[in-house]
file run_36.pdb (PDB, C-alpha atoms)
MODEL        1
ATOM      1  CA  ASP O   8       0.000   0.000   0.000  1.00  0.00           C
ATOM      2  CA  GLN O   9       1.518   3.275  -1.144  1.00  0.00           C
ATOM      3  CA  GLN O  10       1.454   5.626   1.841  1.00  0.00           C
ATOM      4  CA  VAL O  11       2.900   8.538  -0.117  1.00  0.00           C
ATOM      5  CA  LYS O  12       1.594   9.129  -3.610  1.00  0.00           C
ATOM      6  CA  GLN O  13       2.625  11.398  -6.407  1.00  0.00           C
ATOM      7  CA  ASN O  14      -0.101  10.849  -8.945  1.00  0.00           C
ATOM      8  CA  SER O  15       1.475  12.824 -11.763  1.00  0.00           C
ATOM      9  CA  PRO O  16       4.430  10.946 -13.264  1.00  0.00           C
ATOM     10  CA  SER O  17       5.391  13.975 -15.338  1.00  0.00           C
ATOM     11  CA  LEU O  18       4.836  17.702 -15.633  1.00  0.00           C
ATOM     12  CA  SER O  19       5.860  20.133 -18.358  1.00  0.00           C
ATOM     13  CA  VAL O  20       6.082  23.857 -17.698  1.00  0.00           C
ATOM     14  CA  GLN O  21       7.264  26.887 -19.640  1.00  0.00           C
ATOM     15  CA  GLU O  22      10.317  28.733 -18.330  1.00  0.00           C
ATOM     16  CA  GLY O  23       9.350  31.606 -16.056  1.00  0.00           C
ATOM     17  CA  ARG O  24       5.988  30.109 -15.122  1.00  0.00           C
ATOM     18  CA  ILE O  25       5.033  28.380 -11.890  1.00  0.00           C
ATOM     19  CA  SER O  26       5.599  24.641 -11.407  1.00  0.00           C
ATOM     20  CA  ILE O  27       3.310  22.918  -8.928  1.00  0.00           C
ATOM     21  CA  LEU O  28       4.148  19.391  -7.863  1.00  0.00           C
ATOM     22  CA  ASN O  29       1.653  17.525  -5.732  1.00  0.00           C
ATOM     23  CA  CYS O  30       1.917  14.794  -3.144  1.00  0.00           C
ATOM     24  CA  ASP O  31      -0.753  12.978  -1.116  1.00  0.00           C
ATOM     25  CA  TYR O  32      -0.292  10.791   1.922  1.00  0.00           C
ATOM     26  CA  THR O  33      -2.500   8.396   3.823  1.00  0.00           C
ATOM     27  CA  ASN O  34      -0.767   7.966   7.188  1.00  0.00           C
ATOM     28  CA  SER O  35      -1.995  10.586   9.652  1.00  0.00           C
ATOM     29  CA  MET O  36       1.058   9.863  11.850  1.00  0.00           C
ATOM     30  CA  PHE O  37       3.378  11.524   9.356  1.00  0.00           C
ATOM     31  CA  ASP O  38       4.595  14.775  10.822  1.00  0.00           C
ATOM     32  CA  TYR O  39       7.618  15.719   8.743  1.00  0.00           C
ATOM     33  CA  PHE O  40       7.748  16.075   4.997  1.00  0.00           C
ATOM     34  CA  LEU O  41      10.595  16.606   2.577  1.00  0.00           C
ATOM     35  CA  TRP O  42      11.152  17.177  -1.097  1.00  0.00           C
ATOM     36  CA  TYR O  43      14.152  15.772  -2.923  1.00  0.00           C
ATOM     37  CA  LYS O  44      15.346  16.532  -6.413  1.00  0.00           C
ATOM     38  CA  LYS O  45      17.102  13.996  -8.586  1.00  0.00           C
ATOM     39  CA  TYR O  46      19.053  14.527 -11.779  1.00  0.00           C
ATOM     40  CA  PRO O  47      19.847  11.584 -14.068  1.00  0.00           C
ATOM     41  CA  ALA O  48      22.861   9.525 -12.972  1.00  0.00           C
ATOM     42  CA  GLU O  49      22.972  11.263  -9.586  1.00  0.00           C
ATOM     43  CA  GLY O  50      21.574  10.527  -6.153  1.00  0.00           C
ATOM     44  CA  PRO O  51      18.643  12.547  -4.788  1.00  0.00           C
ATOM     45  CA  THR O  52      19.488  15.840  -3.098  1.00  0.00           C
ATOM     46  CA  PHE O  53      17.491  17.484  -0.344  1.00  0.00           C
ATOM     47  CA  LEU O  54      15.490  20.488  -1.466  1.00  0.00           C
ATOM     48  CA  ILE O  55      13.114  21.690   1.234  1.00  0.00           C
ATOM     49  CA  SER O  56      11.189  20.342   4.207  1.00  0.00           C
ATOM     50  CA  ILE O  57       8.197  21.195   6.361  1.00  0.00           C
ATOM     51  CA  SER O  58       7.068  20.173   9.804  1.00  0.00           C
ATOM     52  CA  SER O  59       3.417  19.446  10.492  1.00  0.00           C
ATOM     53  CA  ILE O  60       3.245  22.404  12.857  1.00  0.00           C
ATOM     54  CA  LYS O  61       3.556  24.670   9.822  1.00  0.00           C
ATOM     55  CA  ASP O  62       1.491  25.011   6.690  1.00  0.00           C
ATOM     56  CA  LYS O  63       4.074  26.782   4.568  1.00  0.00           C
ATOM     57  CA  ASN O  64       7.826  26.899   4.241  1.00  0.00           C
ATOM     58  CA  GLU O  65       9.662  29.049   1.751  1.00  0.00           C
ATOM     59  CA  ASP O  66      13.242  28.949   0.499  1.00  0.00           C
ATOM     60  CA  GLY O  67      14.009  31.231  -2.402  1.00  0.00           C
ATOM     61  CA  ARG O  68      12.079  30.108  -5.447  1.00  0.00           C
ATOM     62  CA  PHE O  69      10.781  27.009  -3.650  1.00  0.00           C
ATOM     63  CA  THR O  70       7.748  26.928  -1.378  1.00  0.00           C
ATOM     64  CA  VAL O  71       6.163  23.882   0.179  1.00  0.00           C
ATOM     65  CA  PHE O  72       2.550  23.982   1.325  1.00  0.00           C
ATOM     66  CA  LEU O  73       1.021  21.477   3.711  1.00  0.00           C
ATOM     67  CA  ASN O  74      -2.701  20.840   4.094  1.00  0.00           C
ATOM     68  CA  LYS O  75      -2.995  18.398   6.969  1.00  0.00           C
ATOM     69  CA  SER O  76      -6.754  18.016   6.798  1.00  0.00           C
ATOM     70  CA  ALA O  77      -6.490  16.979   3.159  1.00  0.00           C
ATOM     71  CA  LYS O  78      -3.250  15.025   3.733  1.00  0.00           C
ATOM     72  CA  HIS O  79      -1.765  16.898   0.837  1.00  0.00           C
ATOM     73  CA  LEU O  80       1.416  18.800   0.213  1.00  0.00           C
ATOM     74  CA  SER O  81       2.653  20.668  -2.785  1.00  0.00           C
ATOM     75  CA  LEU O  82       5.902  22.161  -3.994  1.00  0.00           C
ATOM     76  CA  HIS O  83       5.762  25.445  -5.880  1.00  0.00           C
ATOM     77  CA  ILE O  84       8.682  26.623  -7.970  1.00  0.00           C
ATOM     78  CA  VAL O  85       8.486  30.224  -9.076  1.00  0.00           C
ATOM     79  CA  PRO O  86       9.812  31.163 -11.535  1.00  0.00           C
ATOM     80  CA  SER O  87      10.672  27.841 -13.110  1.00  0.00           C
ATOM     81  CA  GLN O  88      14.037  27.528 -14.816  1.00  0.00           C
ATOM     82  CA  PRO O  89      15.370  24.925 -17.274  1.00  0.00           C
ATOM     83  CA  GLY O  90      17.848  23.788 -14.607  1.00  0.00           C
ATOM     84  CA  ASP O  91      14.890  22.740 -12.469  1.00  0.00           C
ATOM     85  CA  SER O  92      14.184  19.901 -14.898  1.00  0.00           C
ATOM     86  CA  ALA O  93      14.584  16.776 -12.779  1.00  0.00           C
ATOM     87  CA  VAL O  94      12.614  14.124 -10.953  1.00  0.00           C
ATOM     88  CA  TYR O  95      11.101  15.350  -7.701  1.00  0.00           C
ATOM     89  CA  PHE O  96      10.332  12.992  -4.835  1.00  0.00           C
ATOM     90  CA  CYS O  97       8.268  13.849  -1.817  1.00  0.00           C
ATOM     91  CA  ALA O  98       8.961  11.906   1.365  1.00  0.00           C
ATOM     92  CA  ALA O  99       7.369  11.663   4.787  1.00  0.00           C
ATOM     93  CA  SER O 100       8.354  10.465   8.217  1.00  0.00           C
ATOM     94  CA  ALA O 101       6.573   9.800  11.482  1.00  0.00           C
ATOM     95  CA  PHE O 102       7.659  10.542  15.037  1.00  0.00           C
ATOM     96  CA  PRO O 103       9.274   8.897  16.904  1.00  0.00           C
ATOM     97  CA  TYR O 104      12.036   9.285  14.421  1.00  0.00           C
ATOM     98  CA  ASN O 105      14.036   6.690  16.271  1.00  0.00           C
ATOM     99  CA  GLN O 106      12.018   4.110  14.405  1.00  0.00           C
ATOM    100  CA  GLY O 107      15.017   4.208  12.168  1.00  0.00           C
ATOM    101  CA  GLY O 108      14.620   7.551  10.553  1.00  0.00           C
ATOM    102  CA  LYS O 109      12.523   5.859   7.970  1.00  0.00           C
ATOM    103  CA  LEU O 110      11.453   8.001   5.110  1.00  0.00           C
ATOM    104  CA  ILE O 111       8.575   6.868   2.937  1.00  0.00           C
ATOM    105  CA  PHE O 112       8.973   8.154  -0.596  1.00  0.00           C
ATOM    106  CA  GLY O 113       6.490   8.852  -3.325  1.00  0.00           C
ATOM    107  CA  GLN O 114       6.955   7.535  -6.841  1.00  0.00           C
ATOM    108  CA  GLY O 115       8.407  10.767  -8.176  1.00  0.00           C
ATOM    109  CA  THR O 116       7.293  13.393 -10.703  1.00  0.00           C
ATOM    110  CA  GLU O 117       9.477  14.258 -13.643  1.00  0.00           C
ATOM    111  CA  LEU O 118       9.469  17.996 -14.227  1.00  0.00           C
ATOM    112  CA  SER O 119      10.470  19.394 -17.601  1.00  0.00           C
ATOM    113  CA  VAL O 120      10.930  23.147 -17.871  1.00  0.00           C
ATOM    114  CA  LYS O 121      10.998  24.273 -21.480  1.00  0.00           C
ATOM    115  CA  PRO O 122      12.840  27.438 -22.551  1.00  0.00           C
TER     116      PRO O 122
ATOM    117  CA  GLU C  15      34.493  17.223   0.270  1.00  0.00           C
ATOM    118  CA  ALA C  16      31.568  15.734   2.188  1.00  0.00           C
ATOM    119  CA  GLN C  17      30.167  12.847   0.230  1.00  0.00           C
ATOM    120  CA  VAL C  18      28.663   9.395   0.073  1.00  0.00           C
ATOM    121  CA  THR C  19      30.398   7.043  -2.329  1.00  0.00           C
ATOM    122  CA  GLN C  20      29.172   3.777  -3.766  1.00  0.00           C
ATOM    123  CA  ASN C  21      30.968   1.084  -5.710  1.00  0.00           C
ATOM    124  CA  PRO C  22      30.515  -0.206  -8.266  1.00  0.00           C
ATOM    125  CA  ARG C  23      28.367   2.288 -10.147  1.00  0.00           C
ATOM    126  CA  TYR C  24      27.266  -0.323 -12.663  1.00  0.00           C
ATOM    127  CA  LEU C  25      27.159  -4.081 -12.337  1.00  0.00           C
ATOM    128  CA  ILE C  26      25.815  -6.884 -14.507  1.00  0.00           C
ATOM    129  CA  THR C  27      25.795 -10.293 -12.892  1.00  0.00           C
ATOM    130  CA  VAL C  28      24.068 -13.655 -13.097  1.00  0.00           C
ATOM    131  CA  THR C  29      21.521 -15.276 -10.839  1.00  0.00           C
ATOM    132  CA  GLY C  30      23.009 -16.777  -7.691  1.00  0.00           C
ATOM    133  CA  LYS C  31      26.434 -15.138  -7.804  1.00  0.00           C
ATOM    134  CA  LYS C  32      27.051 -13.382  -4.504  1.00  0.00           C
ATOM    135  CA  LEU C  33      27.865  -9.694  -4.732  1.00  0.00           C
ATOM    136  CA  THR C  34      28.568  -6.748  -2.457  1.00  0.00           C
ATOM    137  CA  VAL C  35      27.888  -3.085  -3.128  1.00  0.00           C
ATOM    138  CA  THR C  36      30.006  -0.871  -0.931  1.00  0.00           C
ATOM    139  CA  CYS C  37      28.946   2.430   0.609  1.00  0.00           C
ATOM    140  CA  SER C  38      31.151   4.861   2.450  1.00  0.00           C
ATOM    141  CA  GLN C  39      30.570   8.309   3.945  1.00  0.00           C
ATOM    142  CA  ASN C  40      33.100  10.796   5.254  1.00  0.00           C
ATOM    143  CA  MET C  41      30.769  12.970   7.330  1.00  0.00           C
ATOM    144  CA  ASN C  42      30.900  10.953  10.561  1.00  0.00           C
ATOM    145  CA  HIS C  43      27.182  10.280  10.200  1.00  0.00           C
ATOM    146  CA  GLU C  44      25.595   7.805  12.574  1.00  0.00           C
ATOM    147  CA  TYR C  45      22.668   6.863  10.391  1.00  0.00           C
ATOM    148  CA  MET C  46      23.005   5.045   7.072  1.00  0.00           C
ATOM    149  CA  SER C  47      20.455   3.453   4.820  1.00  0.00           C
ATOM    150  CA  TRP C  48      20.002   1.571   1.559  1.00  0.00           C
ATOM    151  CA  TYR C  49      17.209   2.212  -0.927  1.00  0.00           C
ATOM    152  CA  ARG C  50      16.215   0.780  -4.237  1.00  0.00           C
ATOM    153  CA  GLN C  51      14.491   2.794  -6.934  1.00  0.00           C
ATOM    154  CA  ASP C  52      12.134   1.099  -9.346  1.00  0.00           C
ATOM    155  CA  PRO C  53       9.866   2.644 -11.999  1.00  0.00           C
ATOM    156  CA  GLY C  54       6.474   3.572 -10.604  1.00  0.00           C
ATOM    157  CA  LEU C  55       7.501   2.675  -7.061  1.00  0.00           C
ATOM    158  CA  GLY C  56       9.849   5.492  -6.121  1.00  0.00           C
ATOM    159  CA  LEU C  57      12.489   4.850  -3.491  1.00  0.00           C
ATOM    160  CA  ARG C  58      11.970   2.007  -1.046  1.00  0.00           C
ATOM    161  CA  GLN C  59      14.101   1.405   1.993  1.00  0.00           C
ATOM    162  CA  ILE C  60      15.918  -1.930   2.192  1.00  0.00           C
ATOM    163  CA  TYR C  61      17.904  -1.729   5.437  1.00  0.00           C
ATOM    164  CA  TYR C  62      19.075   0.980   7.753  1.00  0.00           C
ATOM    165  CA  SER C  63      21.611   1.384  10.521  1.00  0.00           C
ATOM    166  CA  MET C  64      21.335   3.707  13.498  1.00  0.00           C
ATOM    167  CA  ASN C  65      24.992   3.257  14.456  1.00  0.00           C
ATOM    168  CA  VAL C  66      27.851   0.773  14.445  1.00  0.00           C
ATOM    169  CA  GLU C  67      26.602  -2.782  14.932  1.00  0.00           C
ATOM    170  CA  VAL C  68      22.975  -1.590  14.910  1.00  0.00           C
ATOM    171  CA  THR C  69      21.002  -2.516  11.805  1.00  0.00           C
ATOM    172  CA  ASP C  70      17.352  -3.156  11.069  1.00  0.00           C
ATOM    173  CA  LYS C  71      15.046  -4.012   8.213  1.00  0.00           C
ATOM    174  CA  GLY C  72      13.342  -1.430   6.073  1.00  0.00           C
ATOM    175  CA  ASP C  73      10.368  -2.003   3.815  1.00  0.00           C
ATOM    176  CA  VAL C  74      11.890  -4.485   1.351  1.00  0.00           C
ATOM    177  CA  PRO C  75      14.697  -6.423   3.090  1.00  0.00           C
ATOM    178  CA  GLU C  76      14.129  -9.836   1.511  1.00  0.00           C
ATOM    179  CA  GLY C  77      17.180 -11.117  -0.328  1.00  0.00           C
ATOM    180  CA  TYR C  78      19.559  -8.563   1.171  1.00  0.00           C
ATOM    181  CA  LYS C  79      22.000  -8.399   4.048  1.00  0.00           C
ATOM    182  CA  VAL C  80      23.964  -5.527   5.507  1.00  0.00           C
ATOM    183  CA  SER C  81      26.669  -5.000   8.077  1.00  0.00           C
ATOM    184  CA  ARG C  82      27.918  -1.971   9.983  1.00  0.00           C
ATOM    185  CA  LYS C  83      31.279  -2.796  11.504  1.00  0.00           C
ATOM    186  CA  GLU C  84      32.620   0.717  11.089  1.00  0.00           C
ATOM    187  CA  LYS C  85      30.820   4.027  11.220  1.00  0.00           C
ATOM    188  CA  ARG C  86      31.786   5.097   7.726  1.00  0.00           C
ATOM    189  CA  ASN C  87      30.936   1.890   5.825  1.00  0.00           C
ATOM    190  CA  PHE C  88      27.628   0.178   5.189  1.00  0.00           C
ATOM    191  CA  PRO C  89      27.913  -2.543   2.533  1.00  0.00           C
ATOM    192  CA  LEU C  90      24.877  -4.142   0.908  1.00  0.00           C
ATOM    193  CA  ILE C  91      25.212  -7.867   0.321  1.00  0.00           C
ATOM    194  CA  LEU C  92      23.180  -9.981  -2.085  1.00  0.00           C
ATOM    195  CA  GLU C  93      23.953 -13.590  -1.176  1.00  0.00           C
ATOM    196  CA  SER C  94      22.067 -15.098  -4.114  1.00  0.00           C
ATOM    197  CA  PRO C  95      20.896 -12.368  -6.494  1.00  0.00           C
ATOM    198  CA  SER C  96      17.765 -12.897  -8.550  1.00  0.00           C
ATOM    199  CA  PRO C  97      16.422 -10.988 -11.569  1.00  0.00           C
ATOM    200  CA  ASN C  98      13.818  -9.196  -9.420  1.00  0.00           C
ATOM    201  CA  GLN C  99      16.721  -7.473  -7.678  1.00  0.00           C
ATOM    202  CA  THR C 100      17.598  -5.678 -10.888  1.00  0.00           C
ATOM    203  CA  SER C 101      17.277  -2.078  -9.798  1.00  0.00           C
ATOM    204  CA  LEU C 102      18.965   1.225  -9.063  1.00  0.00           C
ATOM    205  CA  TYR C 103      20.386   1.251  -5.546  1.00  0.00           C
ATOM    206  CA  PHE C 104      21.145   4.274  -3.400  1.00  0.00           C
ATOM    207  CA  CYS C 105      23.019   4.505  -0.158  1.00  0.00           C
ATOM    208  CA  ALA C 106      22.292   7.450   2.114  1.00  0.00           C
ATOM    209  CA  SER C 107      23.536   8.843   5.397  1.00  0.00           C
ATOM    210  CA  SER C 108      22.433  11.451   7.875  1.00  0.00           C
ATOM    211  CA  LEU C 109      23.930  12.959  11.020  1.00  0.00           C
ATOM    212  CA  SER C 110      21.623  11.314  13.477  1.00  0.00           C
ATOM    213  CA  ALA C 111      18.146   9.898  13.393  1.00  0.00           C
ATOM    214  CA  ASP C 112      17.561  10.887  17.021  1.00  0.00           C
ATOM    215  CA  VAL C 113      18.265  14.590  16.855  1.00  0.00           C
ATOM    216  CA  ARG C 114      14.695  15.204  15.841  1.00  0.00           C
ATOM    217  CA  GLY C 115      14.364  18.727  16.857  1.00  0.00           C
ATOM    218  CA  VAL C 116      17.586  19.993  15.325  1.00  0.00           C
ATOM    219  CA  SER C 117      18.238  17.913  12.267  1.00  0.00           C
ATOM    220  CA  THR C 118      16.413  18.652   9.065  1.00  0.00           C
ATOM    221  CA  ASP C 119      16.275  14.899   8.660  1.00  0.00           C
ATOM    222  CA  THR C 120      18.271  15.440   5.536  1.00  0.00           C
ATOM    223  CA  GLN C 121      19.765  12.348   4.105  1.00  0.00           C
ATOM    224  CA  TYR C 122      22.735  12.659   1.799  1.00  0.00           C
ATOM    225  CA  PHE C 123      22.597  10.202  -1.043  1.00  0.00           C
ATOM    226  CA  GLY C 124      25.309   8.459  -2.985  1.00  0.00           C
ATOM    227  CA  PRO C 125      25.346   8.535  -6.796  1.00  0.00           C
ATOM    228  CA  GLY C 126      23.621   5.172  -7.193  1.00  0.00           C
ATOM    229  CA  THR C 127      24.528   1.677  -8.354  1.00  0.00           C
ATOM    230  CA  ARG C 128      22.699   0.240 -11.327  1.00  0.00           C
ATOM    231  CA  LEU C 129      22.491  -3.522 -10.898  1.00  0.00           C
ATOM    232  CA  THR C 130      21.314  -5.963 -13.545  1.00  0.00           C
ATOM    233  CA  VAL C 131      20.820  -9.611 -12.610  1.00  0.00           C
ATOM    234  CA  LEU C 132      20.488 -11.930 -15.596  1.00  0.00           C
TER     235      LEU C 132
ENDMDL
END

call {"tool": "encode", "arguments": {"input": "run_36.pdb", "output": "structure tokens"}}
result
Amino acid sequence: DQQVKQNSPSLSVQEGRISILNCDYTNSMFDYFLWYKKYPAEGPTFLISISSIKDKNEDGRFTVFLNKSAKHLSLHIVPSQPGDSAVYFCAASAFPYNQGGKLIFGQGTELSVKP
Amino acid sequence: EAQVTQNPRYLITVTGKKLTVTCSQNMNHEYMSWYRQDPGLGLRQIYYSMNVEVTDKGDVPEGYKVSRKEKRNFPLILESPSPNQTSLYFCASSLSADVRGVSTDTQYFGPGTRLTVL
């Protein structure tokens, strides 16, 4: 059973416009959420995170929104740049984190930003 | 340079031939983990280690073994590989899984090992 779902396998956006990547989760115990970015032939790299005590976290062009009642989070990239083209994974974890620091990942969304 | 390294990066082998994928980090991280990435399934955790000599199963441990004899190394062992273990494998490390309030829970990933089992 997929506890973290990214229902859009791919997304194409024009340079300069907003990219919105979505993620849904089913486990109400999740209280920490992260986004990772992955380029081909490289490992994922951490992008941005949000705790369940917040509903928004912003870092430069990247903003993550969390809607706990809907069990939904989204990553907004504004403005989108061609270098943002990558696969984006959302991930979630539940406290206590000493359950092994387990992160549950979504399937990934491939973002393509066209010049 | 802080990094997680994996070797080999690419490997083609045959069913039943034991293999080891090495993972090493130079950041003095306590926590290390192995994931596999498969199309449509994202990243799934195989095994993790909270510290030296402390390991535990993740979501998909069947067919894999790990060991953590030193802090920096966390090898993944496939005693008898099968074709369903053909995948892209990532090793990751983070400072500590217990520092919940301070850590961003960021895991640093290695570059990946693409394994094909014929």

call {"tool": "resolve_selection", "arguments": {"input": "run_36.pdb", "expression": "the PyMOL selection byres ((chain C and resi 74-84) around 9)", "output": "number ranges by chain"}}
result
C: 49-50, 58-63, 65-73, 85-96, 99

call {"tool": "atom_distance", "arguments": {"input": "run_36.pdb", "atom1": "atom CA of Tyr46 of chain O", "atom2": "atom CA of Tyr95 of chain O"}}
result
9.0 Å

call {"tool": "interface_residues", "arguments": {"input": "run_36.pdb", "of": "chain O", "to": "chain C", "cutoff": "12 Å", "atoms": "all atoms listed in the file", "output": "VMD selection string"}}
result
chain O and resid 8 to 17 38 to 58 94 to 117

call {"tool": "atom_distance", "arguments": {"input": "run_36.pdb", "atom1": "atom CA of Phe69 of chain O", "atom2": "atom CA of Gln39 of chain C"}}
result
28.3 Å

call {"tool": "atom_distance", "arguments": {"input": "run_36.pdb", "atom1": "atom CA of Asn21 of chain C", "atom2": "atom CA of Val35 of chain C"}}
result
5.8 Å

call {"tool": "residues_around", "arguments": {"input": "run_36.pdb", "residues": "Leu80 of chain O", "least_positions_apart": "2", "cutoff": "8 Å", "atoms": "only C-alpha atoms", "output": "number ranges by chain"}}
result
O: 29-31, 71-74, 78, 82

call {"tool": "resolve_selection", "arguments": {"input": "run_36.pdb", "expression": "the PyMOL selection byres ((chain O and resi 87-89) around 10)", "output": "ChimeraX atom specification"}}
result
/O:20-27,68-69,83-86,90-93,118-122

call {"tool": "axis_aligned_box", "arguments": {"input": "run_36.pdb", "around": "segment 43-54 of chain O", "padding_each_side": "3 Å", "output": "AutoDock Vina command-line options"}}
result
--center_x 18.6 --center_y 15.0 --center_z -7.2 --size_x 14.8 --size_y 17.0 --size_z 19.7

call {"tool": "closest_residue", "arguments": {"input": "run_36.pdb", "among": "C:Glu15, C:Leu129, C:Gln20, C:Thr100", "to": "Cys37 of chain C", "atoms": "all atoms listed in the file"}}
result
C:Gln20

call {"tool": "build_atoms", "arguments": {"input": "run_36.pdb", "residues": "segment 88-105 of chain C", "atoms": "N, CA, C and O atoms", "output": "short mmCIF file (atom, residue, chain, number, x, y, z; two decimals), keeping the file's coordinate frame"}}
result
data_model
loop_
_atom_site.label_atom_id
_atom_site.label_comp_id
_atom_site.auth_asym_id
_atom_site.auth_seq_id
_atom_site.Cartn_x
_atom_site.Cartn_y
_atom_site.Cartn_z
N PHE C 88 28.91 0.89 5.05
CA PHE C 88 27.63 0.18 5.19
C PHE C 88 27.39 -0.64 3.91
O PHE C 88 26.60 -0.25 3.05
N PRO C 89 28.06 -1.77 3.77
CA PRO C 89 27.91 -2.54 2.53
C PRO C 89 26.57 -3.27 2.43
O PRO C 89 26.00 -3.70 3.45
N LEU C 90 26.11 -3.39 1.21
CA LEU C 90 24.88 -4.14 0.91
C LEU C 90 25.28 -5.45 0.24
O LEU C 90 26.00 -5.44 -0.75
N ILE C 91 24.81 -6.55 0.79
CA ILE C 91 25.21 -7.87 0.32
C ILE C 91 24.01 -8.61 -0.27
O ILE C 91 22.95 -8.69 0.37
N LEU C 92 24.19 -9.12 -1.47
CA LEU C 92 23.18 -9.98 -2.08
C LEU C 92 23.78 -11.37 -2.16
O LEU C 92 24.66 -11.64 -2.98
N GLU C 93 23.36 -12.26 -1.28
CA GLU C 93 23.95 -13.59 -1.18
C GLU C 93 23.67 -14.42 -2.43
O GLU C 93 24.53 -15.14 -2.93
N SER C 94 22.45 -14.32 -2.93
CA SER C 94 22.07 -15.10 -4.11
C SER C 94 21.14 -14.23 -4.97
O SER C 94 19.91 -14.38 -4.92
N PRO C 95 21.72 -13.33 -5.75
CA PRO C 95 20.90 -12.37 -6.49
C PRO C 95 19.92 -13.05 -7.45
O PRO C 95 20.20 -14.11 -8.02
N SER C 96 18.78 -12.42 -7.60
CA SER C 96 17.76 -12.90 -8.55
C SER C 96 17.37 -11.75 -9.46
O SER C 96 17.58 -10.57 -9.12
N PRO C 97 16.77 -12.05 -10.62
CA PRO C 97 16.42 -10.99 -11.57
C PRO C 97 15.52 -9.90 -10.98
O PRO C 97 15.59 -8.75 -11.42
N ASN C 98 14.69 -10.24 -9.99
CA ASN C 98 13.82 -9.20 -9.42
C ASN C 98 14.59 -8.22 -8.53
O ASN C 98 13.99 -7.27 -7.99
N GLN C 99 15.88 -8.43 -8.38
CA GLN C 99 16.72 -7.47 -7.68
C GLN C 99 17.44 -6.53 -8.64
O GLN C 99 18.25 -5.71 -8.21
N THR C 100 17.12 -6.65 -9.91
CA THR C 100 17.60 -5.68 -10.89
C THR C 100 16.96 -4.34 -10.56
O THR C 100 15.74 -4.21 -10.52
N SER C 101 17.80 -3.35 -10.27
CA SER C 101 17.28 -2.08 -9.80
C SER C 101 18.39 -1.06 -9.73
O SER C 101 19.56 -1.36 -9.99
N LEU C 102 18.01 0.16 -9.35
CA LEU C 102 18.96 1.23 -9.06
C LEU C 102 19.03 1.39 -7.55
O LEU C 102 18.01 1.62 -6.90
N TYR C 103 20.22 1.25 -6.99
CA TYR C 103 20.39 1.25 -5.55
C TYR C 103 21.08 2.52 -5.09
O TYR C 103 22.06 2.96 -5.68
N PHE C 104 20.55 3.08 -3.99
CA PHE C 104 21.14 4.27 -3.40
C PHE C 104 21.46 4.03 -1.94
O PHE C 104 20.64 3.51 -1.19
N CYS C 105 22.64 4.47 -1.56
CA CYS C 105 23.02 4.50 -0.16
C CYS C 105 22.84 5.94 0.32
O CYS C 105 23.02 6.89 -0.46
#
